[in-house]
Amino acid sequence: MRLAVLGAGAVGRATANLAAEYGHTVTALADSSGAVVDPDGVNVAAALAHKDDTGTVGDADPADALTAEYDALVEATPTTLGDAQPGFDHVRAALELDRHVVLANKGPVAERYDDLRELAARSAGELRFEATVAGAIPVLATVEGVGAERVNAVRGVLNGTANFVLSRMSADGLGYEHVLAEAQDLGVAEADPSFDVDGTDAALKCAILANVLNDGGYALADVDVEGIADFPGSALEVAAEDGQAVRLIGEVTADGVARVGPRLVPANDALAVSGTENIVQLDTSHAGRLNLSGAGAGGPETATAVLADVGRLD
Amino acid sequence: MAADACIGVVGVSDAETQAHTIRLELVDEPGELLRALAPIADNGGNLLSVFHERGHLTPRGHIPVEVDLESTPAQFDDIINALRENGVNVTQAGSERYGEEVTVVLSGHLIDTDLSDTLSRLESCASATLADFSLSSEEGTGKRSSARLRLAVESGSVEETLATVREVADEKDLRVVEPFVGVA
């Protein structure tokens, strides 16, 4: 399959790098300031080296990537809130050309799901977004397999940064600021960690799951969110005395609950994953509870979900 | 020492020797079951059956155990008292029926916002009673502290109790960490 990859951050880079291994050809690669387009296949290594040297993958107009020859658009530009631009317009352009779209960008799916569905309904192209929820973990494929109408609830640890902070504070009795600084040094947390520690990132994933379970109607503003910024070590201490851990848990149910907040869970519970690991639990009508865990972020990990979606396209 | 098990009691009667059912939650550690059962025989009770639901966990992550025993009302009181002395919290006895428990953590300026008022307001919520309490203060963080409260509540009133906790915490600008209650 011929791929146009928009976004050359960790996920876009890894997708472009791994595409050939999956038997695909990257015919366009773009970042916010430039692009490289070649119907016979872009030299991915050269383009990424060019980006390392100059800050952009190539000299072409980024808009050229959208009109290039490709079968599927991989939208991996940074997540934006509200109108979810420019990601939303990228998706629109591709679907209007009857091309497939695979999203790693959470913004359009979380904030404008109903608009996306309408565009997809009018297009011969298909829309997929496995990579937007819990990175490499095949949550949406599992929901699809079970049937969304037979999934009664989805819950889990959906943000590795917040989980790293909570589990490290608890394990070593360290303060919030100390652990956050360490997470930034390790590259686990961004320089501006608010997206993760305020619960926004987990809430976007909950909005996406709520849309899938309830057939649309949700955006970030519909999710009840409480984060873990400045979380008190003493709270973790009194919880641990009682065999409990605190985890930032996202919950979505088929009857309309969508919320994110720090919750007490038994320290030996499946939900009490440590470090940057994510876990997602599905409560199903006929198959009980399914637990899926693994890497919820990272370039090659998330690219694995992107390429799994590409493989599911007709 | 923190209580590491709790029990609920059903079937108390004023007849001479009567069958009683006690529900226990045990931590999954060697010797826990024996420790919880010892006070029954020690106080003249007759153990009828023990249903140990291994593999099934309570929401608090403990193992539920159901115990049937025979005793007189006086012996039964002694058994409950002995369990309490062993660090086992009795969440339901006599006519009081606290069928469920809920643990919450409150953080913030607990002392400055009148902790005893906070606790009494939570207890005045008709369906809850404080079963266990633990407090920890942080150094150098402006008198910030955290408390773990285990509340025994009447069956079916967990959500009502949590709503009261949220209301009081909101008013006093305290952070609440609620238990995760999975939707079945």
# chains A, B, ... in the order shown; residues from 1 in each chain; ligands from 1
$ interface_residues --of "chain A" --to "chain B" --cutoff "9 Å" --atoms "only C-alpha atoms" --output "JSON list (two decimals) with C-alpha atoms, in the first residue's frame"
[["chain", "number", "residue", "atom", "x", "y", "z"],
["A", 152, "ASN", "CA", -20.28, -2.61, 28.77],
["A", 153, "ALA", "CA", -17.33, -0.69, 30.18],
["A", 155, "ARG", "CA", -11.38, 1.38, 32.10],
["A", 232, "PRO", "CA", 0.57, 14.56, 47.80],
["A", 233, "GLY", "CA", 3.04, 11.85, 48.80],
["A", 234, "SER", "CA", 1.22, 11.53, 52.13],
["A", 235, "ALA", "CA", -1.88, 10.32, 50.28],
["A", 236, "LEU", "CA", 0.14, 7.53, 48.67],
["A", 237, "GLU", "CA", 1.58, 6.69, 52.07],
["A", 238, "VAL", "CA", -1.75, 6.27, 53.89],
["A", 239, "ALA", "CA", -3.11, 4.33, 50.92],
["A", 241, "GLU", "CA", -0.62, 1.24, 54.66],
["A", 242, "ASP", "CA", -3.94, -0.30, 53.68],
["A", 243, "GLY", "CA", -2.57, -2.26, 50.71],
["A", 244, "GLN", "CA", -3.86, 0.28, 48.22],
["A", 246, "VAL", "CA", -3.32, 5.29, 43.60],
["A", 249, "ILE", "CA", -7.90, 5.74, 36.03],
["A", 251, "GLU", "CA", -13.50, 4.99, 32.89],
["A", 253, "THR", "CA", -19.31, 2.91, 30.26],
["A", 261, "GLY", "CA", -9.26, 10.78, 38.08],
["A", 262, "PRO", "CA", -6.87, 9.41, 40.66],
["A", 263, "ARG", "CA", -8.44, 6.35, 42.30],
["A", 264, "LEU", "CA", -7.54, 3.90, 45.03],
["A", 265, "VAL", "CA", -7.00, 0.41, 43.69],
["A", 266, "PRO", "CA", -5.68, -2.65, 45.55],
["A", 267, "ALA", "CA", -1.88, -2.65, 45.18],
["A", 268, "ASN", "CA", -1.99, -6.18, 43.73],
["A", 269, "ASP", "CA", -4.83, -5.40, 41.31],
["A", 283, "ASP", "CA", -16.12, -5.65, 30.58]]
$ residues_around --residues "region 207-211 of chain A" --least-positions-apart "4" --cutoff "8 Å" --atoms "only C-alpha atoms" --output "ChimeraX atom specification"
/A:106,109-111,113,133,154,203,215-220,222-223,252-254,256,258
$ atom_distance --atom1 "CA of Arg2 (chain A)" --atom2 "CA of Val212 (chain A)"
27.5 Å
$ residues_around --residues "Ser33 (chain A)" --least-positions-apart "5" --cutoff "9 Å" --atoms "only C-alpha atoms" --output "ChimeraX atom specification"
/A:55-62
$ write_last_selection --atoms "N, CA and C atoms" --output "short mmCIF file (atom, residue, chain, number, x, y, z; two decimals), in the first residue's frame"
data_model
loop_
_atom_site.label_atom_id
_atom_site.label_comp_id
_atom_site.auth_asym_id
_atom_site.auth_seq_id
_atom_site.Cartn_x
_atom_site.Cartn_y
_atom_site.Cartn_z
N GLY A 55 15.81 20.73 9.94
CA GLY A 55 14.55 20.96 10.66
C GLY A 55 13.32 20.56 9.87
N THR A 56 13.50 20.21 8.59
CA THR A 56 12.35 19.76 7.81
C THR A 56 12.73 18.60 6.90
N VAL A 57 11.75 17.77 6.54
CA VAL A 57 12.05 16.56 5.76
C VAL A 57 12.36 16.84 4.30
N GLY A 58 11.90 18.00 3.79
CA GLY A 58 12.16 18.28 2.38
C GLY A 58 11.71 19.67 2.00
N ASP A 59 11.94 20.01 0.74
CA ASP A 59 11.68 21.38 0.31
C ASP A 59 10.30 21.58 -0.31
N ALA A 60 9.57 20.51 -0.54
CA ALA A 60 8.24 20.66 -1.14
C ALA A 60 7.27 21.29 -0.14
N ASP A 61 6.15 21.80 -0.66
CA ASP A 61 5.11 22.37 0.18
C ASP A 61 4.42 21.23 0.95
N PRO A 62 4.22 21.38 2.26
CA PRO A 62 3.55 20.30 3.01
C PRO A 62 2.21 19.91 2.39
#
$ atom_distance --atom1 "CA of Glu100 (chain B)" --atom2 "CA of Leu26 (chain B)"
14.8 Å
$ closest_residue --among "B:His52, B:Arg121, B:His109, B:His20" --to "Leu69 (chain B)" --atoms "only C-alpha atoms"
B:His20
$ atom_distance --atom1 "CA of Gln18 (chain B)" --atom2 "CA of Val67 (chain B)"
13.6 Å
$ select_by_dssp --residues "region 79-166 of chain A" --states "strand (DSSP E or B)" --output "short mmCIF file (atom, residue, chain, number, x, y, z; two decimals) with N, CA and C atoms, in the first residue's frame"
data_model
loop_
_atom_site.label_atom_id
_atom_site.label_comp_id
_atom_site.auth_asym_id
_atom_site.auth_seq_id
_atom_site.Cartn_x
_atom_site.Cartn_y
_atom_site.Cartn_z
N HIS A 100 -8.00 6.23 2.08
CA HIS A 100 -8.13 5.77 3.47
C HIS A 100 -7.38 6.71 4.40
N VAL A 101 -7.79 6.73 5.67
CA VAL A 101 -7.09 7.55 6.66
C VAL A 101 -6.85 6.72 7.92
N VAL A 102 -5.61 6.75 8.39
CA VAL A 102 -5.25 6.12 9.67
C VAL A 102 -4.70 7.21 10.57
N LEU A 103 -5.34 7.39 11.72
CA LEU A 103 -4.94 8.47 12.62
C LEU A 103 -4.11 7.96 13.80
N LEU A 127 -11.75 4.85 7.59
CA LEU A 127 -11.16 5.64 8.67
C LEU A 127 -10.82 4.71 9.83
N ARG A 128 -9.55 4.74 10.28
CA ARG A 128 -9.17 3.90 11.44
C ARG A 128 -8.30 4.71 12.38
N VAL A 151 -19.65 -4.47 24.67
CA VAL A 151 -18.66 -3.99 25.63
C VAL A 151 -19.39 -3.02 26.57
N ASN A 152 -19.49 -3.40 27.83
CA ASN A 152 -20.28 -2.61 28.77
C ASN A 152 -19.47 -1.50 29.43
N ALA A 153 -18.17 -1.71 29.55
CA ALA A 153 -17.33 -0.69 30.18
C ALA A 153 -15.88 -0.90 29.75
N VAL A 154 -15.17 0.20 29.66
CA VAL A 154 -13.74 0.16 29.41
C VAL A 154 -13.10 1.04 30.47
N ARG A 155 -12.04 0.57 31.09
CA ARG A 155 -11.38 1.38 32.10
C ARG A 155 -9.90 1.07 32.05
N GLY A 156 -9.11 1.96 32.61
CA GLY A 156 -7.71 1.62 32.64
C GLY A 156 -6.79 2.78 32.91
N VAL A 157 -5.52 2.43 32.90
CA VAL A 157 -4.44 3.41 33.05
C VAL A 157 -4.03 3.77 31.63
#
$ decode --residues "region 114-150 of chain B" --atoms "C-alpha atoms" --output "JSON list (two decimals), in the first residue's frame"
[["chain", "number", "residue", "atom", "x", "y", "z"],
["B", 114, "ASP", "CA", -10.97, 21.19, 61.50],
["B", 115, "LEU", "CA", -10.43, 17.47, 61.06],
["B", 116, "SER", "CA", -12.84, 16.46, 63.81],
["B", 117, "ASP", "CA", -15.57, 18.52, 62.17],
["B", 118, "THR", "CA", -14.78, 16.79, 58.85],
["B", 119, "LEU", "CA", -15.05, 13.36, 60.45],
["B", 120, "SER", "CA", -18.20, 14.07, 62.40],
["B", 121, "ARG", "CA", -19.88, 15.45, 59.32],
["B", 122, "LEU", "CA", -19.06, 12.31, 57.39],
["B", 123, "GLU", "CA", -20.42, 10.18, 60.22],
["B", 124, "SER", "CA", -23.54, 12.26, 60.53],
["B", 125, "CYS", "CA", -24.29, 11.08, 57.02],
["B", 126, "ALA", "CA", -26.83, 8.61, 58.40],
["B", 127, "SER", "CA", -25.49, 5.53, 56.70],
["B", 128, "ALA", "CA", -21.78, 5.71, 57.55],
["B", 129, "THR", "CA", -19.57, 5.03, 60.52],
["B", 130, "LEU", "CA", -15.80, 5.45, 60.73],
["B", 131, "ALA", "CA", -14.22, 1.98, 60.94],
["B", 132, "ASP", "CA", -10.56, 2.87, 60.54],
["B", 133, "PHE", "CA", -8.50, 6.02, 60.31],
["B", 134, "SER", "CA", -4.88, 6.85, 59.54],
["B", 135, "LEU", "CA", -3.17, 10.24, 59.23],
["B", 136, "SER", "CA", 0.15, 11.26, 57.70],
["B", 137, "SER", "CA", 1.63, 14.74, 57.56],
["B", 138, "GLU", "CA", 4.21, 16.01, 55.11],
["B", 139, "GLU", "CA", 7.20, 18.06, 56.10],
["B", 140, "GLY", "CA", 7.86, 21.38, 54.45],
["B", 141, "THR", "CA", 4.70, 21.43, 52.38],
["B", 142, "GLY", "CA", 2.71, 24.00, 54.31],
["B", 143, "LYS", "CA", 1.05, 21.67, 56.82],
["B", 144, "ARG", "CA", -0.32, 19.43, 54.11],
["B", 145, "SER", "CA", -1.47, 16.05, 55.32],
["B", 146, "SER", "CA", -3.46, 13.06, 54.17],
["B", 147, "ALA", "CA", -5.91, 10.80, 55.95],
["B", 148, "ARG", "CA", -7.23, 7.41, 55.01],
["B", 149, "LEU", "CA", -10.78, 6.81, 56.17],
["B", 150, "ARG", "CA", -12.46, 3.46, 56.08]]
